[in-house]
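**Q** Got a structure for you, written out below as structure tokens; questions coming shortly.
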Amino acid sequence: MHIVVCIKQVPDSAQIRVHPVTNTIMRQGVPTIINPYDLFALEAALQLRDKFGGEVTVLTMGPPSAEDSLRRALTYGADRAVLLTDRFFAGADTLATTYALATAIRKISDTFGAPDIVFTGKQTIDGDTAQVGPGIAKRLGLLQLTYVAKINEVDPAARTIEAERRSEGGVQVLKTKLPCLVTMLEATNEIRRGAMADALRAARAQIVTWSAKDAGVEDISKCGLKGSPTIVKRVFAPSPRAEKATFVDFANRPPAEALIEELFKRQPKLEAELISSAHGF
Amino acid sequence: MSEPTKAPPAAAGRAATKKELPEHFKAYKHVWVFIEQERGQVHPVSWELMGAGRQLADKLKVDLAAVVIGPPGEAVQHAAAESFCYGADLAYIVADEVLADYRNEAYTKALTDTVNTFKPEILLLGATTLGRDLAGSVATTLLTGLTADCTALDVDADGSLAATRPTFGGSLLCTIYTLNYRPQMATVRPRVMPMPERIEKRATRIIEHKLGMVEEDIVTKVLSFIPDRDSAKSNLAYADIVVAGGLGLGSPENFQLVKGLAAVLGAEFGCSRPLVQKGWVTSDRQIGQTGKTIRPKLYIAAGISGAIQHRVGVEGADLIVAINTDKNAPIFDFAHVGIVTDAIRLLPALTEAFRARLSPHSRDRIAS
């Protein structure tokens, strides 16, 4: 079984700061991590490989420094890493990104064997769009299972997969055919620690590095900023509200009493509403 | 969202690309909202989008259309009829037995074909699991732009859709355009847009469109649907009162204080993102850009500093109360009422004080 896992190297959002004057992102010194959602996809892929045999190829598109995340994926036990890097890919929106990744997956298929499953995380923490998985599926003509909470069964002989997909108000149990694309939901597994042997292998491993041309991109105008139908016209910090919060003064009385008085003073109807809410009317 | 257009343009972001809409896209007119209907229920986000779509259509002086996809029968007809009460000028229906359950293959074909036939300039979908699954497939098939999780939608002077969304992990906002492709697609999360008033209106123009697909064409089969247990369902997004906690609570044990106050108020409880990342609270309780957006009458935030990622999820609340030890915490920039004290000490006192005020005994007092 050959499984491709798409990952993205993202800035650790917990450590992003915005310049107070220019409102621009201060990227310097912000550590990068593998998009946390992608680790659930990677672990799911590794579990299937361990069960059925075969290989896991991790793929990322990004600057040359994205190699760090690929090596990290190898330490967890991935068998092969492919880095898609080219200045032509810069500034890609989700449509241009899926063009590049789908092209690279075709090349992976030709070079290392056709994938049975392509995995992605449900979304990234920097873009948060959840569009790239479905976009890759559509471009490759793969069936898609998004927001998968659990893979119940994969039958490599019958070429089928059964999975539980999170939907509004419940779980859909779906059965479809391989090859397909799966986006994994968070907290569905826990990434393994990785064996010492894998860590040693990762340190020495040759990362397969492809430019747009290497990957077989035929139309460079479909890549990067040029190939993006959306453009970002403006980036800005939200304007502060005109008035700041009214601070509750509790010098002479219990703070809880002072706060409740302030609330009921501001919204006289609130007390009656709270009473009906608290008593379930 | 408070008037993002007033904010100064920043140096970051791409240079504006010129608008040169190809000739064949010029026929694309009107604003569409995809009406998400599953198992007979319309997701409220669809009506919220009708409110936003109505404003866009009025500015553009075009029609607002609802697109309802599902199995033939009462539910789909009713959803289409209801759409007129939420502002639709016309409704499209694609009804077929194979559309009984949501499946990407069939729904993508239904929506893509309808777009290609009737050519809308703007297409809005709810950013639900269904809406995001469908929107990504449709946009890629149509090779057009799709802006996810918008917090504000507007039409600029030359009639382009200006879709604003948080970016960089919710620390900034950006406005995104799809200048030279049609339709311009956007998703909006539940509760981000206010629910428009329902005004009784008779359904007028309903256009039915054939799917042209049979069950044999569809590879994916739905084996079963397991509804969430009622106790597991959180009604956070649509709750009237919400109490939430953040890192200021200091420990997972102290999160019980939030639940305690919520119980007395008959409220839903929630948390900020770090608590989910730390594993203190499950992700369905997260409030903010990557969690739930809420619009309660009363929101009490305990020990939450108020990062933009959290702010965009709560700004629609009628009354925001912030409890924080740091009087310079950003949450006091958008809360209405603030109290500078330790939430760990205030929450139990507040719970007791509310319990006393809201007891049946005090209800008699109000009634008299």
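Numbering starts fresh at 1 for the residues of each chain in the structure tokens, the chains themselves are lettered A, B, ... in the order given, and ligands are numbered from 1 as they appear.
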Within 12 Å of stretch 167-185 of chain B, which residues of stretch 18-59 of chain B show up? Give each one with its shortest atom-to-atom distance in Å (one decimal) and the two atoms involved, counting only C-alpha atoms, rows by chain then rising residue number, as CSV.
**A**
residue,atom,partner,partner_atom,distance
B:Lys18,CA,B:Leu179,CA,7.8
B:Lys19,CA,B:Leu179,CA,5.5
B:Glu20,CA,B:Asn180,CA,5.9
B:Leu21,CA,B:Asn180,CA,4.5
B:Pro22,CA,B:Asn180,CA,6.7
B:Glu23,CA,B:Asn180,CA,10.0
B:His24,CA,B:Arg182,CA,9.5
B:Phe25,CA,B:Arg182,CA,6.2
B:Lys26,CA,B:Arg182,CA,8.8
B:Ala27,CA,B:Arg182,CA,9.7
B:Tyr28,CA,B:Arg182,CA,6.9
B:Lys29,CA,B:Pro183,CA,8.8
B:His30,CA,B:Pro183,CA,9.6
B:Val31,CA,B:Pro183,CA,9.2
B:Trp32,CA,B:Pro183,CA,9.5
B:Val33,CA,B:Met185,CA,10.0
B:Phe34,CA,B:Met185,CA,10.8
B:Gly53,CA,B:Met185,CA,11.9
**Q** Determine which residues of chain A sit within 7 Å of chain B, taking into account only C-alpha atoms, and present them as a PyMOL selection string.
**A** chain A and resi 13+22-24+95+125-127+129-131+134-135+138+146+167-177+229-241+244-248+256-257+274-275+277-278+280
**Q** Return the single residue from B:Ala237, B:Val98, B:Ala66, B:Leu60 that is closest to B:Asp158, with distances computed using only C-alpha atoms.
**A**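 Among the listed residues, B:Leu60 lies closest to B:Asp158.
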**Q** Would you return as a VMD selection string the members of stretch 98-277 of chain A that DSSP assigns to alpha helix (DSSP H) on this structure's backbone?
**A** chain A and resid 98 to 112 132 to 140 196 to 204 212 to 215 255 to 266 270 to 277
**Q** Could you jot down the atom CA of B:Cys85 to atom CA of B:Asp58 separation for me, Å, one decimal place?
**A**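 Atom-to-atom, atom CA of B:Cys85 to atom CA of B:Asp58, that is 16.1 Å.
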**Q** Give me the residues near A:Ile7 as a list in words, where near means some atom within 7 Å (using only C-alpha atoms) and where sequence neighbours in that chain fewer than 6 positions away do not count.
**A**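 The contact residues come out as Ile34, Asn35, Asp38, Val58, Leu59, Thr60 and Thr120 of chain A.
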**Q** My list of candidates is B:Val276, B:Leu247, B:Ala80, B:Ala100. Which is closest to B:Trp47 when distances are computed with only C-alpha atoms?
**A**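 When distances to B:Trp47 are compared using only C-alpha atoms, the smallest one comes from B:Ala80.
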**Q** Work out how far atom CA of B:Gly291 is from atom CA of A:Met184, in Å to one decimal.
**A**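 About the pair atom CA of A:Met184 and atom CA of B:Gly291: they are 16.7 Å apart.
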**Q** So the first atom is atom CA of B:Pro196 and the second is atom CA of B:Pro44; what is the distance between them in Å, to one decimal place?
**A**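 If I compute the distance from atom CA of B:Pro196 to atom CA of B:Pro44, I get 10.4 Å.
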